[in-house]
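Novice: So here's target28.csv (CSV, C-alpha atoms and all ligand atoms).
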chain,number,residue,atom,x,y,z
A,190,MET,CA,1.5,19.1,14.8
A,191,GLU,CA,3.5,16.4,16.5
A,192,LEU,CA,3.9,13.3,14.2
A,193,GLY,CA,5.7,11.2,16.8
A,194,LEU,CA,7.4,9.1,14.1
A,195,GLU,CA,11.0,9.3,15.3
A,196,GLY,CA,12.4,5.9,16.1
A,197,LYS,CA,9.4,4.0,14.8
A,198,VAL,CA,9.8,0.8,12.6
A,199,ALA,CA,7.8,0.6,9.4
A,200,LEU,CA,7.4,-2.1,6.8
A,201,ILE,CA,6.1,-1.3,3.3
A,202,THR,CA,5.0,-4.0,0.9
A,203,GLY,CA,5.6,-3.5,-2.8
A,204,ALA,CA,8.1,-0.7,-2.2
A,205,GLY,CA,10.6,-1.9,-4.8
A,206,SER,CA,9.2,0.0,-7.8
A,207,GLN,CA,11.5,2.9,-8.3
A,208,ILE,CA,8.6,5.1,-9.6
A,209,GLY,CA,5.9,3.7,-7.3
A,210,PHE,CA,4.0,4.8,-4.2
A,211,GLY,CA,5.8,2.3,-1.9
A,212,LYS,CA,9.2,3.9,-2.4
A,213,ALA,CA,7.8,7.4,-1.8
A,214,ILE,CA,6.1,6.2,1.4
A,215,ALA,CA,9.4,4.5,2.6
A,216,LEU,CA,11.5,7.6,2.0
A,217,SER,CA,9.0,10.0,3.5
A,218,LEU,CA,8.8,7.8,6.7
A,219,ALA,CA,12.6,7.6,6.8
A,220,LYS,CA,12.8,11.4,6.6
A,221,GLU,CA,10.4,11.5,9.6
A,222,GLY,CA,12.9,9.3,11.6
A,223,CYS,CA,11.6,5.8,10.9
A,224,ASP,CA,13.6,2.7,10.1
A,225,VAL,CA,11.9,1.1,7.1
A,226,ILE,CA,11.8,-2.5,5.9
A,227,ILE,CA,11.3,-2.8,2.2
A,228,ASN,CA,9.3,-5.7,0.8
A,229,ASP,CA,8.8,-6.6,-2.9
A,230,ILE,CA,8.7,-9.7,-5.1
A,231,ASN,CA,11.6,-8.1,-6.9
A,232,LEU,CA,14.5,-8.2,-4.5
A,233,GLU,CA,16.9,-6.2,-6.6
A,234,ASP,CA,14.5,-3.3,-6.7
A,235,ALA,CA,13.7,-3.6,-3.0
A,236,GLY,CA,17.4,-3.4,-2.4
A,237,LYS,CA,17.6,-0.1,-4.3
A,238,THR,CA,14.9,1.4,-2.1
A,239,ALA,CA,16.5,0.1,1.1
A,240,ALA,CA,19.8,1.7,0.0
A,241,GLU,CA,18.1,5.1,-0.3
A,242,VAL,CA,16.5,4.7,3.1
A,243,GLU,CA,20.0,4.0,4.6
A,244,ALA,CA,21.4,7.0,2.7
A,245,LEU,CA,18.9,9.1,4.8
A,246,GLY,CA,20.6,7.8,7.9
A,247,ARG,CA,18.0,5.2,8.9
A,248,LYS,CA,18.2,1.4,9.2
A,249,SER,CA,16.6,-0.7,6.4
A,250,MET,CA,16.4,-4.2,5.0
A,251,ALA,CA,15.1,-5.6,1.8
A,252,ILE,CA,12.9,-8.7,2.0
A,253,LYS,CA,11.7,-10.7,-1.0
A,254,ALA,CA,8.3,-12.1,-0.3
A,255,ASP,CA,5.1,-12.6,-2.3
A,256,VAL,CA,2.1,-11.0,-0.6
A,257,THR,CA,-0.2,-13.7,-2.0
A,258,SER,CA,1.5,-16.3,0.3
A,259,SER,CA,0.5,-16.2,3.9
A,260,THR,CA,3.6,-18.2,4.8
A,261,GLU,CA,5.9,-15.8,3.1
A,262,MET,CA,4.2,-12.8,4.9
A,263,GLU,CA,4.4,-14.5,8.3
A,264,ASN,CA,8.1,-15.4,7.7
A,265,MET,CA,8.7,-11.8,6.7
A,266,ALA,CA,7.1,-10.4,9.8
A,267,LYS,CA,9.3,-12.8,11.9
A,268,GLU,CA,12.4,-11.8,10.1
A,269,ALA,CA,11.6,-8.1,10.6
A,270,LEU,CA,10.9,-8.6,14.3
A,271,ASP,CA,14.1,-10.6,14.8
A,272,LYS,CA,16.2,-7.8,13.2
A,273,PHE,CA,14.3,-4.7,14.4
A,274,GLY,CA,12.6,-5.9,17.6
A,275,ARG,CA,9.3,-4.3,16.8
A,276,ILE,CA,7.0,-3.2,14.0
A,277,ASP,CA,5.0,0.0,14.5
A,278,ILE,CA,3.7,0.7,11.0
A,279,TRP,CA,2.7,-1.7,8.2
A,280,VAL,CA,1.6,-0.5,4.8
A,281,ASN,CA,-0.1,-3.0,2.5
A,282,ASN,CA,0.8,-1.2,-0.7
A,283,ALA,CA,1.7,-4.1,-3.1
A,284,GLY,CA,-0.8,-4.3,-5.9
A,285,ALA,CA,-1.1,-5.3,-9.6
A,286,CYS,CA,-3.9,-5.6,-12.1
A,287,THR,CA,-4.5,-7.9,-15.1
A,288,PRO,CA,-4.6,-6.1,-18.5
A,289,PRO,CA,-8.0,-4.3,-18.9
A,290,ARG,CA,-10.7,-6.4,-20.6
A,291,PRO,CA,-14.5,-6.8,-20.5
A,292,PHE,CA,-15.7,-8.8,-17.6
A,293,LEU,CA,-17.0,-11.6,-19.8
A,294,GLU,CA,-13.6,-12.0,-21.3
A,295,MET,CA,-11.8,-12.4,-18.0
A,296,THR,CA,-10.6,-15.9,-17.3
A,297,ASP,CA,-10.7,-17.5,-13.9
A,298,ALA,CA,-6.9,-17.1,-13.8
A,299,ASP,CA,-7.3,-13.3,-14.4
A,300,TRP,CA,-9.9,-13.1,-11.6
A,301,ASP,CA,-7.8,-15.1,-9.2
A,302,PHE,CA,-4.7,-13.0,-9.9
A,303,ASP,CA,-6.5,-9.7,-9.2
A,304,ILE,CA,-8.1,-11.0,-6.0
A,305,ASP,CA,-5.0,-12.8,-4.7
A,306,VAL,CA,-2.5,-9.9,-5.1
A,307,ASN,CA,-4.9,-7.0,-4.1
A,308,LEU,CA,-7.2,-8.5,-1.5
A,309,ARG,CA,-5.6,-11.7,-0.2
A,310,GLY,CA,-2.3,-9.8,-0.1
A,311,VAL,CA,-3.8,-7.2,2.3
A,312,ARG,CA,-5.3,-9.9,4.4
A,313,ASN,CA,-2.0,-11.9,4.5
A,314,GLY,CA,0.0,-8.8,5.5
A,315,THR,CA,-2.5,-7.7,8.2
A,316,ARG,CA,-2.7,-11.2,9.7
A,317,ALA,CA,1.1,-11.5,9.8
A,318,VAL,CA,1.6,-8.3,11.8
A,319,LEU,CA,-1.6,-7.9,13.9
A,320,PRO,CA,-0.7,-10.4,16.7
A,321,HIS,CA,2.5,-8.5,17.3
A,322,MET,CA,0.7,-5.1,17.3
A,323,ILE,CA,-1.9,-6.4,19.7
A,324,SER,CA,0.8,-7.7,22.1
A,325,GLN,CA,2.6,-4.3,22.0
A,326,LYS,CA,-0.8,-2.5,22.3
A,327,SER,CA,0.0,-0.1,19.5
A,328,GLY,CA,0.3,0.0,15.7
A,329,LYS,CA,-0.7,1.6,12.5
A,330,ILE,CA,-1.8,-0.3,9.4
A,331,VAL,CA,-2.6,1.5,6.1
A,332,ASN,CA,-4.0,-0.4,3.2
A,333,ILE,CA,-3.8,1.1,-0.3
A,334,THR,CA,-7.1,0.8,-2.1
A,335,SER,CA,-8.2,2.5,-5.3
A,336,GLY,CA,-11.0,4.6,-6.8
A,337,ALA,CA,-11.9,1.4,-8.7
A,338,GLY,CA,-13.0,0.0,-5.4
A,339,ILE,CA,-15.2,3.0,-4.6
A,340,HIS,CA,-16.9,3.9,-7.9
A,341,GLY,CA,-16.1,0.8,-10.0
A,342,GLY,CA,-13.5,0.0,-12.6
A,343,MET,CA,-14.7,-0.6,-16.2
A,344,PHE,CA,-12.7,-3.4,-17.8
A,345,THR,CA,-10.9,-4.0,-14.4
A,346,THR,CA,-13.8,-5.7,-12.5
A,347,GLY,CA,-11.6,-8.2,-10.7
A,348,TYR,CA,-9.3,-5.4,-9.5
A,349,ALA,CA,-12.3,-3.2,-8.6
A,350,ALA,CA,-13.8,-6.1,-6.6
A,351,ALA,CA,-10.5,-6.7,-4.8
A,352,LYS,CA,-10.0,-3.0,-3.9
A,353,ALA,CA,-13.7,-2.7,-2.7
A,354,GLY,CA,-12.9,-5.8,-0.6
A,355,VAL,CA,-9.9,-4.0,0.9
A,356,ILE,CA,-12.2,-1.2,2.1
A,357,GLY,CA,-14.7,-3.6,3.7
A,358,PHE,CA,-12.0,-5.7,5.2
A,359,SER,CA,-10.1,-2.6,6.6
A,360,MET,CA,-13.3,-1.1,8.1
A,361,GLY,CA,-14.1,-4.4,9.9
A,362,VAL,CA,-10.6,-5.2,11.2
A,363,ALA,CA,-10.2,-1.5,12.2
A,364,LYS,CA,-13.1,-1.9,14.6
A,365,GLU,CA,-11.6,-5.1,16.0
A,366,ALA,CA,-8.1,-3.7,16.4
A,367,ALA,CA,-8.9,-0.2,17.8
A,368,PRO,CA,-9.4,-1.3,21.4
A,369,SER,CA,-5.8,-2.6,21.3
A,370,GLY,CA,-4.5,0.8,20.3
A,371,ILE,CA,-4.2,0.0,16.6
A,372,ASN,CA,-5.4,2.2,13.8
A,373,VAL,CA,-6.3,0.6,10.5
A,374,ASN,CA,-7.2,2.9,7.6
A,375,CYS,CA,-7.1,3.1,3.8
A,376,VAL,CA,-5.6,5.5,1.3
A,377,SER,CA,-7.3,5.6,-2.1
A,378,PRO,CA,-4.9,7.1,-4.7
A,379,GLY,CA,-5.9,8.8,-7.9
A,380,VAL,CA,-4.4,7.9,-11.3
A,381,ALA,CA,-0.6,8.1,-11.2
A,382,ASN,CA,2.1,7.3,-13.7
A,383,THR,CA,3.8,4.6,-11.7
A,384,GLY,CA,4.8,1.1,-12.8
A,385,PHE,CA,1.1,0.3,-12.5
A,386,ALA,CA,0.3,2.5,-15.5
A,387,LYS,CA,1.8,0.0,-17.9
A,388,ASN,CA,-1.6,-1.7,-18.1
A,389,ALA,CA,-3.6,1.5,-18.4
A,390,PRO,CA,-5.8,1.9,-21.5
A,391,PRO,CA,-4.0,3.8,-24.3
A,392,GLY,CA,-4.2,7.6,-23.9
A,393,LEU,CA,-5.4,7.4,-20.2
A,394,ILE,CA,-2.3,8.8,-18.7
A,395,GLU,CA,-1.9,11.5,-21.3
A,396,ASN,CA,-5.6,12.7,-21.3
A,397,PHE,CA,-6.7,12.0,-17.7
A,398,PRO,CA,-5.4,15.2,-16.2
A,399,ARG,CA,-7.8,17.3,-18.4
A,400,THR,CA,-10.7,15.6,-16.7
A,401,LEU,CA,-9.5,16.4,-13.1
A,402,PRO,CA,-10.4,19.5,-11.1
A,403,ILE,CA,-6.8,19.7,-10.1
A,404,GLY,CA,-5.6,19.3,-13.7
A,405,ARG,CA,-2.7,16.9,-12.9
A,406,LEU,CA,-2.1,13.3,-12.1
A,407,THR,CA,-1.6,12.1,-8.6
A,408,GLU,CA,2.1,12.0,-7.6
A,409,PRO,CA,3.7,9.3,-5.4
A,410,GLN,CA,4.6,12.0,-2.9
A,411,ASP,CA,0.9,12.9,-2.6
A,412,ILE,CA,0.2,9.4,-1.4
A,413,ALA,CA,3.3,9.3,0.8
A,414,ASN,CA,2.1,12.5,2.5
A,415,ALA,CA,-1.3,11.0,3.3
A,416,VAL,CA,0.2,7.8,4.7
A,417,VAL,CA,2.7,9.8,6.9
A,418,PHE,CA,-0.3,11.6,8.4
A,419,LEU,CA,-2.4,8.5,8.9
A,420,VAL,CA,0.4,6.6,10.7
A,421,SER,CA,1.3,9.6,12.9
A,422,ASP,CA,0.2,10.5,16.4
A,423,ALA,CA,-1.8,13.3,14.7
A,424,ALA,CA,-4.3,10.7,13.3
A,425,SER,CA,-4.8,8.6,16.4
A,426,ASP,CA,-8.6,9.3,16.3
A,427,ILE,CA,-9.0,8.1,12.7
A,428,VAL,CA,-10.2,4.5,12.6
A,429,GLY,CA,-11.5,2.5,9.6
A,430,GLN,CA,-11.6,5.4,7.1
A,431,VAL,CA,-10.7,5.9,3.5
A,432,LEU,CA,-8.6,8.9,2.7
A,433,VAL,CA,-9.1,9.7,-1.0
A,434,VAL,CA,-6.1,11.5,-2.6
A,435,SER,CA,-7.1,11.9,-6.2
A,436,GLY,CA,-7.2,15.5,-7.3
A,437,GLY,CA,-11.0,15.7,-7.0
A,438,VAL,CA,-12.1,12.6,-8.8
A,439,THR,CA,-15.7,11.8,-7.9
A,440,PRO,CA,-17.8,8.9,-9.1
B,501,LIG,N1,-0.8,4.0,-9.9
B,501,LIG,C1,-2.1,4.2,-9.9
B,501,LIG,O1,-2.7,4.9,-10.7
B,501,LIG,C2,-2.9,3.6,-8.7
B,501,LIG,C3,-4.2,4.1,-8.5
B,501,LIG,C4,-4.9,3.6,-7.4
B,501,LIG,C5,-4.3,2.6,-6.6
B,501,LIG,N2,-3.0,2.1,-6.9
B,501,LIG,C6,-2.5,1.1,-6.0
B,501,LIG,O2,-1.2,1.6,-5.5
B,501,LIG,C7,-0.5,0.5,-5.0
B,501,LIG,C8,1.0,0.7,-5.5
B,501,LIG,O3,1.0,0.7,-6.9
B,501,LIG,P1,2.0,1.6,-7.7
B,501,LIG,O4,1.0,2.5,-8.5
B,501,LIG,O5,3.1,2.2,-6.9
B,501,LIG,O6,2.5,0.6,-8.8
B,501,LIG,P2,4.0,0.0,-9.1
B,501,LIG,O7,3.7,-1.1,-10.1
B,501,LIG,O8,4.9,1.1,-9.4
B,501,LIG,O9,4.4,-0.7,-7.7
B,501,LIG,C9,3.8,-1.9,-7.3
B,501,LIG,C10,4.8,-2.7,-6.6
B,501,LIG,O10,4.2,-3.9,-6.0
B,501,LIG,C11,5.1,-5.0,-6.3
B,501,LIG,N3,4.3,-6.3,-6.2
B,501,LIG,C12,3.4,-6.7,-7.2
B,501,LIG,N4,2.9,-7.9,-6.8
B,501,LIG,C13,3.5,-8.2,-5.7
B,501,LIG,C14,3.4,-9.4,-4.8
B,501,LIG,N5,2.6,-10.4,-5.1
B,501,LIG,N6,4.2,-9.4,-3.7
B,501,LIG,C15,5.0,-8.3,-3.4
B,501,LIG,N7,5.1,-7.2,-4.2
B,501,LIG,C16,4.4,-7.2,-5.3
B,501,LIG,C17,5.7,-4.8,-7.6
B,501,LIG,O11,6.9,-5.5,-7.9
B,501,LIG,C18,5.9,-3.3,-7.6
B,501,LIG,O12,7.2,-3.0,-7.1
B,501,LIG,C19,-1.1,-0.7,-5.5
B,501,LIG,O13,-1.9,-1.3,-4.5
B,501,LIG,C20,-2.1,-0.2,-6.6
B,501,LIG,O14,-3.2,-1.0,-6.8
B,501,LIG,C21,-2.3,2.6,-7.9
Turn this file's structure into C-alpha cells for me.
Ligand SMILES: NC(=O)c1ccc[n+]([C@@H]2O[C@H](COP(=O)([O-])OP(=O)(O)OC[C@H]3O[C@@H](n4cnc5c(N)ncnc54)[C@H](O)[C@@H]3O)[C@@H](O)[C@H]2O)c1
Specialist:
Amino acid sequence: MELGLEGKVALITGAGSQIGFGKAIALSLAKEGCDVIINDINLEDAGKTAAEVEALGRKSMAIKADVTSSTEMENMAKEALDKFGRIDIWVNNAGACTPPRPFLEMTDADWDFDIDVNLRGVRNGTRAVLPHMISQKSGKIVNITSGAGIHGGMFTTGYAAAKAGVIGFSMGVAKEAAPSGINVNCVSPGVANTGFAKNAPPGLIENFPRTLPIGRLTEPQDIANAVVFLVSDAASDIVGQVLVVSGGVTP
C-alpha cells in the first residue's frame, strides 16, 4: 500500500499534550516523511512535541493559537504557509470538555465552552485552511469526533452535541470540498487515558476496559494509525466518513 506521505506538510491542532492523540498523530506522520506544524494553546508543550518531530529528521514549528478564535486560526494558517509554502494535511484534534454534570446543572458558560472548543474550533480550523487547499486542488482534513457524538454522552451533553455537530459539519463540507481533490473525514476515538481523562467520572478509566470486546483502552497510537491511513493516498476514495477506533464500543 502506497501512503504517499513523504514530503507532505501537516498541521495538527492540540498536539501539545505529551500523552494525547495529537502528539501521537504528529510523530506518526513525521515517521512517514511529513513536516509537521504543532498547534496548542500551551506553547511550551507544543514546543516539546515539535522538538520530537525534529528529532525524527523532519521540519517542525510550534504555534500557540486558540482554536476558538477564527482570527488566531487564520493567522496560524498564514504563518504556516509563509514558513512551509503549503499545507497538505490539517487535523482538527484540539478538544476539551467541562466536568461531567447533569444537563440541567450545566450553565450557559459550560455549554458555550463545550461548543466553542469542540465544534467552533473544528469550523475555525477548516475555514482557515480550506481556501488554500482548494487553490492547490488537494488536501486532507481529519476531524476528531467522539463516541459521545454518535451514541450520546450522559452528563456530557454539551460535549456530545458539539461532537455530533462535528460529524454533520464534516459530512457536509466533505461533499463541498471533494470536487477540489480534498478529503474530509472524522476519526471517533474510544476512551483513552490522555489528558482528557482528568475530567472522567471516578472509576471509568480503571473499569472501562472490562466492558470492551477488546479488553483494553484505546491508545494514542491507535488513533494515529487511523489518521495516517485517512490522510494517505490509500484513502483517496473515502469522503465524509467516520472511522470509529474504539475497541468494539457500540451504542
Ligand atoms: N481521550 C479520550 O478518551 C477521547 C475520546 C474521544 C475523543 N477524544 C477527542 O480527542 C481529541 C484529543 O484529545 P486527547 O484525548 O488527546 O486529550 P488531551 O487533553 O491529552 O489533549 C488535548 C489538547 O488540546 C489542547 N487544547 C485544548 N483546548 C484548546 C484550544 N482552545 N486551542 C488549542 N488547543 C487546545 C490541550 O492543551 C491539549 O494539549 C479531542 O478532540 C477529544 O475530544 C478523546
Novice: Could you give me, as a PyMOL selection string, the residues within 9 Å of region 195-212 of chain A, counting only C-alpha atoms and dropping anything in the same chain fewer than 4 positions from it?
Specialist: chain A and resi 216-219+221-239+251+254+256+266+269+273-284+314+381-385+408-413
Novice: Kindly export the residues of the current selection with C-alpha atoms, as a CSV table (one decimal), in the frame of the given file.
Specialist:
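File produced: selection-v1.csv:
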chain,number,residue,atom,x,y,z
A,216,LEU,CA,11.5,7.6,2.0
A,217,SER,CA,9.0,10.0,3.5
A,218,LEU,CA,8.8,7.8,6.7
A,219,ALA,CA,12.6,7.6,6.8
A,221,GLU,CA,10.4,11.5,9.6
A,222,GLY,CA,12.9,9.3,11.6
A,223,CYS,CA,11.6,5.8,10.9
A,224,ASP,CA,13.6,2.7,10.1
A,225,VAL,CA,11.9,1.1,7.1
A,226,ILE,CA,11.8,-2.5,5.9
A,227,ILE,CA,11.3,-2.8,2.2
A,228,ASN,CA,9.3,-5.7,0.8
A,229,ASP,CA,8.8,-6.6,-2.9
A,230,ILE,CA,8.7,-9.7,-5.1
A,231,ASN,CA,11.6,-8.1,-6.9
A,232,LEU,CA,14.5,-8.2,-4.5
A,233,GLU,CA,16.9,-6.2,-6.6
A,234,ASP,CA,14.5,-3.3,-6.7
A,235,ALA,CA,13.7,-3.6,-3.0
A,236,GLY,CA,17.4,-3.4,-2.4
A,237,LYS,CA,17.6,-0.1,-4.3
A,238,THR,CA,14.9,1.4,-2.1
A,239,ALA,CA,16.5,0.1,1.1
A,251,ALA,CA,15.1,-5.6,1.8
A,254,ALA,CA,8.3,-12.1,-0.3
A,256,VAL,CA,2.1,-11.0,-0.6
A,266,ALA,CA,7.1,-10.4,9.8
A,269,ALA,CA,11.6,-8.1,10.6
A,273,PHE,CA,14.3,-4.7,14.4
A,274,GLY,CA,12.6,-5.9,17.6
A,275,ARG,CA,9.3,-4.3,16.8
A,276,ILE,CA,7.0,-3.2,14.0
A,277,ASP,CA,5.0,0.0,14.5
A,278,ILE,CA,3.7,0.7,11.0
A,279,TRP,CA,2.7,-1.7,8.2
A,280,VAL,CA,1.6,-0.5,4.8
A,281,ASN,CA,-0.1,-3.0,2.5
A,282,ASN,CA,0.8,-1.2,-0.7
A,283,ALA,CA,1.7,-4.1,-3.1
A,284,GLY,CA,-0.8,-4.3,-5.9
A,314,GLY,CA,0.0,-8.8,5.5
A,381,ALA,CA,-0.6,8.1,-11.2
A,382,ASN,CA,2.1,7.3,-13.7
A,383,THR,CA,3.8,4.6,-11.7
A,384,GLY,CA,4.8,1.1,-12.8
A,385,PHE,CA,1.1,0.3,-12.5
A,408,GLU,CA,2.1,12.0,-7.6
A,409,PRO,CA,3.7,9.3,-5.4
A,410,GLN,CA,4.6,12.0,-2.9
A,411,ASP,CA,0.9,12.9,-2.6
A,412,ILE,CA,0.2,9.4,-1.4
A,413,ALA,CA,3.3,9.3,0.8
Novice: Measuring atom to atom with only C-alpha atoms, identify which of A:Ala349, A:Ala424, A:Met343, A:Val311 is nearest to Val362 (chain A).
Specialist: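 Going through A:Ala349, A:Ala424, A:Met343, A:Val311 one by one, the smallest distance to Val362 (chain A) is for A:Val311.
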Novice: Leaving out region 244-246 of chain A and any residue of its chain fewer than 2 positions from it, which residues lie within 8 Å of it when counting only C-alpha atoms, given as a ChimeraX atom specification?
Specialist: /A:219-220,240-242,248
Novice: Store the residues picked out above in a file with C-alpha atoms, as a PDB file, in the coordinates of the input.
Specialist:
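Output file again.pdb is given in full below:
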ATOM      1  CA  ALA A 219      12.600   7.600   6.800  1.00  0.00           C
ATOM      2  CA  LYS A 220      12.800  11.400   6.600  1.00  0.00           C
ATOM      3  CA  ALA A 240      19.800   1.700   0.000  1.00  0.00           C
ATOM      4  CA  GLU A 241      18.100   5.100  -0.300  1.00  0.00           C
ATOM      5  CA  VAL A 242      16.500   4.700   3.100  1.00  0.00           C
ATOM      6  CA  LYS A 248      18.200   1.400   9.200  1.00  0.00           C
TER       7      LYS A 248
END
Novice: What's the 10 Å shell around Gly341 (chain A), counting all atoms listed in the file, without same-chain residues fewer than 5 positions away, as a PyMOL selection string?
Specialist: chain A and resi 335-336+346+348-350+352-353+440
Novice: Once you count only C-alpha atoms, which residues end up no further than 12 Å from (-4.2, 15.4, -14.0) in the file's frame, shown as a list in words?
Specialist: Gly379, Val380, Ala381, Asn382, Leu393, Ile394, Glu395, Asn396, Phe397, Pro398, Arg399, Thr400, Leu401, Pro402, Ile403, Gly404, Arg405, Leu406, Thr407, Glu408, Ser435, Gly436, Gly437 and Val438 of chain A
Novice: Between A:Phe302, A:Phe344, A:Phe418, A:Phe358, which residue has the minimum interatomic distance to ligand LIG 501 (chain B), considering all atoms listed in the file?
Specialist: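 Checking each candidate against ligand LIG 501 (chain B), we get A:Phe302 as the closest.
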Novice: So how many Å separate atom O5 of ligand LIG 501 (chain B) and CA of Ile356 (chain A), to one decimal?
Specialist: 18.1 Å
Novice: Would you please work out which residue, of A:Ser377, A:Asn372, A:Asn414, A:Ser259, is nearest to ligand LIG 501 (chain B) when using all atoms listed in the file?
Specialist: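 Closest residue, counting all atoms listed in the file: A:Ser377.
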Novice: For the point (-7.9, -5.1, -2.5) in the file's frame, write as a ChimeraX atom specification all residues with an atom no more than 7 Å away, counting all atoms listed in the file.
Specialist: /A:304,307-308,311,334,351-355
Novice: So the first atom is CA of Leu293 (chain A) and the second is atom C15 of ligand LIG 501 (chain B); what is the distance between them in Å, to one decimal place?
Specialist: 27.6 Å
Novice: Write out as a list in words which residues come within 8 Å of Gly429 (chain A) when counting only C-alpha atoms, dropping same-chain ones fewer than 6 positions away.
Specialist: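 So, after excluding close chain neighbours, the residues are Ser359, Met360, Gly361, Val362, Ala363, Lys364, Asn372, Val373, Asn374 and Cys375 of chain A.
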